[in-house]
$ cat structure-v6.cif   # mmCIF, C-alpha atoms
data_my_file
#
loop_
_atom_site.label_atom_id
_atom_site.label_comp_id
_atom_site.auth_asym_id
_atom_site.auth_seq_id
_atom_site.Cartn_x
_atom_site.Cartn_y
_atom_site.Cartn_z
CA MET I 6 87.97 66.08 85.82
CA LYS I 7 84.53 67.12 86.99
CA VAL I 8 82.89 68.98 89.84
CA SER I 9 81.31 66.32 92.06
CA GLU I 10 80.16 68.47 94.98
CA ILE I 11 79.41 72.13 95.76
CA ASN I 12 79.05 73.35 99.35
CA ILE I 13 78.32 76.65 101.03
CA TYR I 14 78.51 77.46 104.73
CA PRO I 15 76.35 80.59 105.05
CA ILE I 16 77.14 81.09 108.74
CA LYS I 17 80.84 80.66 109.42
CA SER I 18 81.67 77.41 111.26
CA LEU I 19 78.07 76.13 111.25
CA GLY I 20 76.55 73.40 109.06
CA ARG I 21 76.89 73.23 105.29
CA ILE I 22 74.34 73.39 102.50
CA LEU I 23 74.94 70.98 99.61
CA LEU I 24 74.08 72.56 96.25
CA ASN I 25 73.72 71.46 92.64
CA LYS I 26 74.82 74.88 91.39
CA ALA I 27 76.19 78.15 92.73
CA ILE I 28 76.72 81.69 91.48
CA ILE I 29 80.27 82.99 91.64
CA GLU I 30 80.67 86.35 93.35
CA GLN I 31 83.74 88.39 94.19
CA ARG I 32 83.71 87.13 97.76
CA GLY I 33 83.24 83.49 96.72
CA LEU I 34 80.14 81.36 96.23
CA GLN I 35 76.90 83.29 96.71
CA LEU I 36 75.81 83.31 100.40
CA ASP I 37 78.95 81.50 101.54
CA ARG I 38 80.07 82.76 104.96
CA ARG I 39 78.22 86.06 104.71
CA TRP I 40 77.08 85.60 108.34
CA MET I 41 79.22 84.98 111.39
CA LEU I 42 78.88 84.58 115.14
CA VAL I 43 80.94 86.94 117.29
CA ASP I 44 81.49 87.45 121.00
CA GLU I 45 80.68 90.58 122.97
CA ASN I 46 83.82 92.24 121.62
CA GLY I 47 83.05 91.47 117.97
CA LYS I 48 85.63 88.68 117.69
CA PHE I 49 84.71 85.70 115.52
CA LEU I 50 83.70 82.35 117.00
CA THR I 51 84.45 78.97 115.43
CA GLN I 52 84.34 75.24 116.07
CA ARG I 53 87.93 75.45 117.25
CA GLU I 54 86.64 76.72 120.59
CA PHE I 55 83.02 75.56 120.34
CA PRO I 56 82.84 72.22 118.46
CA LYS I 57 79.06 71.91 118.87
CA MET I 58 78.62 74.76 116.39
CA SER I 59 78.79 72.07 113.71
CA LYS I 60 75.49 70.60 114.97
CA ILE I 61 73.52 73.71 114.02
CA SER I 62 72.12 72.90 110.59
CA ILE I 63 71.12 75.36 107.89
CA SER I 64 68.83 75.20 104.88
CA LEU I 65 67.61 77.75 102.35
CA ALA I 66 64.09 79.12 102.73
CA GLU I 67 62.25 81.63 100.56
CA THR I 68 63.05 84.67 102.68
CA GLY I 69 66.19 83.60 104.51
CA LEU I 70 68.21 80.89 106.18
CA GLN I 71 66.34 78.24 108.14
CA VAL I 72 68.48 77.36 111.16
CA SER I 73 67.87 74.27 113.30
CA ALA I 74 69.26 72.80 116.51
CA ASP I 75 68.18 69.90 118.71
CA LYS I 76 65.56 70.80 121.34
CA PHE I 77 65.05 74.30 119.94
CA ASP I 78 62.43 75.77 117.63
CA ASP I 79 63.69 76.52 114.13
CA LEU I 80 64.86 80.05 113.46
CA THR I 81 64.67 82.11 110.27
CA VAL I 82 67.56 84.46 109.57
CA PRO I 83 66.31 86.90 106.89
CA PHE I 84 68.28 87.62 103.73
CA GLU I 85 67.30 91.28 104.03
CA VAL I 86 69.36 92.55 106.93
CA GLU I 87 68.94 95.92 108.59
CA GLY I 88 70.43 96.96 111.89
CA GLU I 89 73.29 98.52 113.79
CA LYS I 90 76.70 98.46 112.14
CA LEU I 91 79.76 97.38 114.08
CA LYS I 92 83.37 96.44 113.57
CA VAL I 93 84.15 92.72 113.72
CA GLU I 94 87.39 90.79 113.83
CA VAL I 95 88.36 87.74 111.77
CA TRP I 96 91.91 86.57 112.46
CA ASP I 97 94.12 89.59 111.70
CA SER I 98 91.53 91.55 109.73
CA ASN I 99 88.70 93.87 110.70
CA CYS I 100 85.66 94.88 108.69
CA GLU I 101 82.19 96.31 109.07
CA ALA I 102 79.14 94.11 109.66
CA ILE I 103 75.45 94.49 110.49
CA LEU I 104 74.13 93.21 113.81
CA SER I 105 71.15 90.85 113.68
CA ALA I 106 67.92 91.33 115.61
CA SER I 107 67.97 90.63 119.35
CA HIS I 108 65.79 87.49 119.13
CA ILE I 109 68.26 85.96 116.67
CA ASN I 110 71.21 86.70 118.94
CA GLN I 111 69.31 85.25 121.89
CA TRP I 112 68.56 82.01 119.98
CA PHE I 113 72.23 81.40 119.18
CA SER I 114 73.31 82.34 122.70
CA GLU I 115 70.88 79.83 124.19
CA VAL I 116 71.80 77.05 121.76
CA LEU I 117 75.56 77.46 122.28
CA GLN I 118 75.27 78.47 125.95
CA ILE I 119 77.53 81.47 125.40
CA THR I 120 76.82 85.14 124.90
CA CYS I 121 77.12 85.75 121.17
CA LYS I 122 75.74 87.79 118.29
CA LEU I 123 75.07 87.02 114.65
CA VAL I 124 76.43 89.54 112.16
CA TYR I 125 76.07 89.92 108.39
CA MET I 126 78.62 91.21 105.88
CA PRO I 127 76.84 93.79 103.65
CA ASP I 128 77.83 94.42 100.05
CA ASP I 129 79.61 97.68 100.93
CA SER I 130 81.88 96.02 103.50
CA ARG I 131 85.33 95.17 102.19
CA ARG I 132 87.59 92.54 103.71
CA GLU I 133 90.69 92.09 101.58
CA ILE I 134 92.66 88.89 101.19
CA ASN I 135 96.32 88.84 102.16
CA PRO I 136 97.94 91.58 100.01
CA ARG I 137 100.76 89.17 99.25
CA PHE I 138 98.36 87.12 97.09
CA ALA I 139 96.00 89.83 95.88
CA VAL I 140 95.92 90.77 92.19
CA ASN I 141 92.67 92.63 91.51
CA ASN I 142 91.77 94.15 94.88
CA ASP I 143 90.51 90.70 95.83
CA ILE I 144 88.07 90.50 98.73
CA VAL I 145 86.69 87.67 100.81
CA SER I 146 83.66 86.95 102.98
CA PHE I 147 84.05 85.80 106.60
CA ALA I 148 85.96 82.72 105.35
CA ASP I 149 89.29 82.27 107.09
CA GLY I 150 91.38 83.85 104.37
CA TYR I 151 90.34 83.16 100.79
CA PRO I 152 87.04 82.97 98.87
CA ILE I 153 86.93 79.33 97.75
CA LEU I 154 88.48 76.02 98.84
CA ILE I 155 88.79 73.12 96.39
CA ILE I 156 89.78 69.51 97.15
CA GLY I 157 90.03 66.40 94.97
CA GLU I 158 88.21 63.19 95.88
CA SER I 159 91.43 61.29 95.22
CA SER I 160 93.26 63.36 97.84
CA LEU I 161 90.80 62.21 100.49
CA ALA I 162 91.00 58.64 99.21
CA ASP I 163 94.78 58.75 99.60
CA LEU I 164 94.42 59.97 103.18
CA ASN I 165 91.75 57.40 104.03
CA SER I 166 93.98 54.61 102.73
CA ARG I 167 96.36 55.52 105.58
CA LEU I 168 93.75 55.90 108.35
CA GLU I 169 92.32 53.13 110.53
CA THR I 170 88.96 54.90 110.57
CA LYS I 171 87.98 56.60 107.32
CA ILE I 172 86.66 60.16 107.47
CA PRO I 173 84.25 62.02 105.17
CA MET I 174 85.11 65.04 103.05
CA ASN I 175 83.04 67.30 105.31
CA ARG I 176 85.88 67.31 107.86
CA PHE I 177 87.73 69.65 105.49
CA ARG I 178 84.74 71.91 104.64
CA PRO I 179 85.52 72.49 100.95
CA ASN I 180 83.40 74.61 98.62
CA ILE I 181 84.20 72.56 95.52
CA VAL I 182 85.04 68.86 95.34
CA VAL I 183 86.52 67.40 92.15
CA SER I 184 86.44 63.85 90.82
CA GLU I 185 88.82 62.10 88.40
CA SER I 186 91.92 64.08 89.42
CA GLU I 187 95.11 62.51 90.74
CA ALA I 188 95.69 62.64 94.49
CA PHE I 189 96.82 66.12 95.51
CA ALA I 190 96.88 67.37 91.92
CA GLU I 191 95.33 70.58 93.27
CA ASP I 192 98.63 71.37 95.02
CA ASN I 193 100.15 72.46 91.73
CA TRP I 194 97.23 74.09 89.95
CA LYS I 195 97.88 77.72 89.04
CA THR I 196 94.81 78.63 86.98
CA ILE I 197 91.73 76.49 86.34
CA LYS I 198 88.40 76.93 84.57
CA VAL I 199 85.04 75.57 85.67
CA GLY I 200 82.14 76.35 83.34
CA GLU I 201 82.75 79.94 82.26
CA THR I 202 84.61 80.96 85.41
CA VAL I 203 88.38 81.16 85.67
CA PHE I 204 89.94 80.66 89.11
CA ARG I 205 93.43 81.57 90.30
CA ALA I 206 95.11 79.43 92.94
CA THR I 207 96.54 81.51 95.78
CA LYS I 208 98.11 79.15 98.29
CA PRO I 209 97.61 75.63 99.64
CA CYS I 210 95.26 75.40 102.62
CA ALA I 211 96.89 74.97 106.03
CA ARG I 212 94.76 72.75 108.24
CA CYS I 213 93.88 73.07 111.92
CA VAL I 214 92.15 71.24 114.76
CA MET I 215 88.72 71.70 113.12
CA THR I 216 89.53 68.70 110.92
CA THR I 217 89.42 66.52 114.04
CA ILE I 218 85.80 67.44 114.85
CA ASP I 219 83.02 65.09 113.77
CA GLN I 220 80.71 67.39 111.82
CA ALA I 221 77.64 65.27 112.50
CA ASN I 222 77.78 65.24 116.30
CA GLY I 223 80.07 68.17 117.09
CA THR I 224 82.60 66.17 119.11
CA PRO I 225 86.42 66.08 118.82
CA THR I 226 87.64 62.67 117.69
CA GLY I 227 91.27 62.78 118.79
CA LYS I 228 94.41 63.55 116.80
CA GLU I 229 93.30 62.27 113.40
CA PRO I 230 93.50 63.15 110.58
CA LEU I 231 96.21 65.69 111.52
CA LYS I 232 98.47 63.03 113.02
CA THR I 233 98.57 61.02 109.78
CA LEU I 234 98.71 64.07 107.52
CA ALA I 235 101.75 65.30 109.46
CA LYS I 236 103.64 62.21 108.29
CA TYR I 237 103.53 63.22 104.63
CA ARG I 238 101.71 66.52 104.13
CA LEU I 239 103.82 69.06 106.02
CA ALA I 240 104.65 72.16 103.99
CA LYS I 241 108.36 71.29 104.07
CA GLN I 242 107.54 67.85 102.63
CA VAL I 243 105.13 69.00 99.92
CA PHE I 244 107.03 72.14 98.89
CA PRO I 245 110.54 71.62 100.31
CA SER I 246 112.12 74.61 98.58
CA THR I 247 109.14 76.92 98.10
CA TYR I 248 106.87 76.68 101.17
CA ALA I 249 108.07 80.08 102.40
CA ASP I 250 106.92 81.63 99.11
CA PHE I 251 103.37 80.75 100.17
CA GLY I 252 103.84 82.37 103.56
CA LEU I 253 103.71 78.94 105.20
CA GLY I 254 105.59 77.64 108.20
CA GLU I 255 107.54 74.47 107.50
CA ASN I 256 105.47 72.30 109.83
CA VAL I 257 101.92 73.29 108.86
CA VAL I 258 99.72 70.51 107.47
CA LEU I 259 98.40 71.08 103.92
CA PHE I 260 95.18 69.73 102.43
CA GLY I 261 93.29 71.51 99.66
CA GLN I 262 93.87 74.59 97.52
CA ASN I 263 92.58 78.14 98.02
CA LEU I 264 91.08 79.87 94.99
CA VAL I 265 90.10 83.37 93.89
CA ALA I 266 87.68 83.85 90.98
CA GLU I 267 88.92 85.98 88.09
CA ASN I 268 85.41 86.75 86.74
CA PHE I 269 82.04 86.93 88.46
CA GLY I 270 78.35 86.36 87.83
CA GLU I 271 78.62 82.96 86.18
CA THR I 272 77.16 79.75 87.60
CA ILE I 273 79.08 76.56 88.28
CA MET I 274 77.25 73.24 88.47
CA VAL I 275 77.85 69.71 89.68
CA GLY I 276 79.04 67.81 86.62
CA ASP I 277 80.91 70.76 85.11
CA SER I 278 84.29 69.91 83.65
CA LEU I 279 87.38 71.34 85.31
CA LYS I 280 90.22 72.37 83.01
CA VAL I 281 93.72 73.20 84.15
CA LEU I 282 94.86 76.25 82.21
#
$ encode --input "structure-v6.cif" --output "structure tokens"
Amino acid sequence: MKVSEINIYPIKSLGRILLNKAIIEQRGLQLDRRWMLVDENGKFLTQREFPKMSKISISLAETGLQVSADKFDDLTVPFEVEGEKLKVEVWDSNCEAILSASHINQWFSEVLQITCKLVYMPDDSRREINPRFAVNNDIVSFADGYPILIIGESSLADLNSRLETKIPMNRFRPNIVVSESEAFAEDNWKTIKVGETVFRATKPCARCVMTTIDQANGTPTGKEPLKTLAKYRLAKQVFPSTYADFGLGENVVLFGQNLVAENFGETIMVGDSLKVL
């Protein structure tokens, strides 16, 4: 088995950046989901409510993130962030973040046609993963719940064999994609090693309506792939006697595995072998 794709999503729920290599940090892949858009009350915003967020593309520049949207001038979001600190909310957790400059907040507000602010998670901000699955005071970025998501190419191929219209992997927004594994092998991984980094599986990933949004044009596409996945990938079907051990409801749809790194500072690369320990 080998790593076939590495993705980061520096600003939560916006476009991805495809990488050849990435540094592993305690929060996940370096730069992944360290920024986030929030409303006036500091609550996180995602494609679930605003599908066109997916159309904002991001690339890496020398001094920051280069952000682009149709009919708007490009914007640079600097890596070096200084500003007012505020409390922000991500699902059931709260943490401290730094507010971006006013011109940056105005750009995103105009593009999305909502009042919003861009915030950054500094190194001294701690957002812990679910204590039920924490081992070493594990923390996470602004990702939904866990630092890294991994999916096998064969799992998507299995799904696409059941769909009338095939969908790309980007619907599921993984950090790491793996080739040469059996379909849904990642369901049962406990500990894996990629390069010199060891990863611990925490819980299978429960999927939501974001998987129905076309990432290229920011439009909902209907009930797929959730409708088909619900026929054979419900928690009670995949883990009939143990789904509750993962804190999962019986009727949630599963696709992909959440990971936490056990050691930090190493680099993973496309082409690296994946070993199940």
$ closest_residue --input "structure-v6.cif" --among "I:Ser186, I:Asn263, I:Thr81, I:Thr247" --to "Ala162 of chain I" --atoms "all atoms listed in the file"
I:Ser186
$ closest_residue --input "structure-v6.cif" --among "I:Pro230, I:Pro15, I:Gly47, I:Gly254" --to "Gln35 of chain I" --atoms "all atoms listed in the file"
I:Pro15
$ atom_distance --input "structure-v6.cif" --atom1 "atom CA of Asn180 of chain I" --atom2 "atom CA of Leu24 of chain I"
9.8 Å
$ residues_around --input "structure-v6.cif" --residues "segment 165-170 of chain I" --least-positions-apart "5" --cutoff "12 Å" --atoms "all atoms listed in the file" --output "number ranges by chain"
I: 158-160, 188, 226-237
$ resolve_selection --input "structure-v6.cif" --expression "the PyMOL selection byres ((chain I and resi 117) around 8)" --output "tab-separated table (two decimals) with C-alpha atoms, in the coordinates of the input"
chain	number	residue	atom	x	y	z
I	55	PHE	CA	83.02	75.56	120.34
I	57	LYS	CA	79.06	71.91	118.87
I	58	MET	CA	78.62	74.76	116.39
I	113	PHE	CA	72.23	81.40	119.18
I	114	SER	CA	73.31	82.34	122.70
I	115	GLU	CA	70.88	79.83	124.19
I	116	VAL	CA	71.80	77.05	121.76
I	118	GLN	CA	75.27	78.47	125.95
I	119	ILE	CA	77.53	81.47	125.40
$ resolve_selection --input "structure-v6.cif" --expression "the PyMOL selection byres ((chain I and resi 143-147) around 9)" --output "VMD selection string"
chain I and resid 16 to 17 31 to 33 37 to 41 49 95 126 131 to 136 138 to 142 148 to 153 265 to 266
$ closest_residue --input "structure-v6.cif" --among "I:Met174, I:Ala190, I:Ile109, I:Leu161" --to "Val72 of chain I" --atoms "all atoms listed in the file"
I:Ile109
$ atom_distance --input "structure-v6.cif" --atom1 "atom CA of Ala221 of chain I" --atom2 "atom CA of Val93 of chain I"
28.2 Å
$ atom_distance --input "structure-v6.cif" --atom1 "atom CA of Leu36 of chain I" --atom2 "atom CA of Pro225 of chain I"
27.4 Å
$ residues_near_point --input "structure-v6.cif" --point "(89.2, 73.1, 97.0)" --cutoff "6 Å" --atoms "all atoms listed in the file" --output "ChimeraX atom specification"
/I:154-156,179,181,261-262
$ residues_around --input "structure-v6.cif" --residues "segment 214-216 of chain I" --least-positions-apart "4" --cutoff "7 Å" --atoms "all atoms listed in the file" --output "PyMOL selection string"
chain I and resi 52-53+176-177+230
$ resolve_selection --input "structure-v6.cif" --expression "the PyMOL selection byres ((chain I and resi 46) around 12)" --output "list in words"
Leu42, Val43, Asp44, Glu45, Gly47, Lys48, Phe49, Leu50, Leu91, Lys92, Val93, Glu94, Val95, Thr120, Cys121 and Lys122 of chain I
$ closest_residue --input "structure-v6.cif" --among "I:Gly20, I:Pro56, I:Pro209, I:Gly88" --to "Leu70 of chain I" --atoms "all atoms listed in the file"
I:Gly20
$ residues_around --input "structure-v6.cif" --residues "Glu201 of chain I" --least-positions-apart "5" --cutoff "8 Å" --atoms "all atoms listed in the file" --output "list in words"
Glu271, Thr272 and Ile273 of chain I
$ closest_residue --input "structure-v6.cif" --among "I:Ser73, I:Ser278, I:Asn268, I:Asn99" --to "Val203 of chain I" --atoms "all atoms listed in the file"
I:Asn268
$ residues_around --input "structure-v6.cif" --residues "Ala249 of chain I" --least-positions-apart "6" --cutoff "9 Å" --atoms "only C-alpha atoms" --output "PyMOL selection string"
chain I and resi 240-241+255
$ write_last_selection --input "structure-v6.cif" --atoms "C-alpha atoms" --output "PDB file, in the frame of the given file"
ATOM      1  CA  ALA I 240     104.650  72.160 103.990  1.00  0.00           C
ATOM      2  CA  LYS I 241     108.360  71.290 104.070  1.00  0.00           C
ATOM      3  CA  GLU I 255     107.540  74.470 107.500  1.00  0.00           C
TER       4      GLU I 255
END
$ residues_around --input "structure-v6.cif" --residues "Gln71 of chain I" --least-positions-apart "6" --cutoff "10 Å" --atoms "only C-alpha atoms" --output "ChimeraX atom specification"
/I:62-65,79-83
$ closest_residue --input "structure-v6.cif" --among "I:Asp163, I:Asp250, I:Glu54, I:Asp75" --to "Thr207 of chain I" --atoms "all atoms listed in the file"
I:Asp250
$ axis_aligned_box --input "structure-v6.cif" --around "segment 151-158 of chain I" --padding-each-side "5 Å" --output "lines of an AutoDock Vina configuration file"
center_x = 88.6
center_y = 73.2
center_z = 97.9
size_x = 13.4
size_y = 30.0
size_z = 15.8
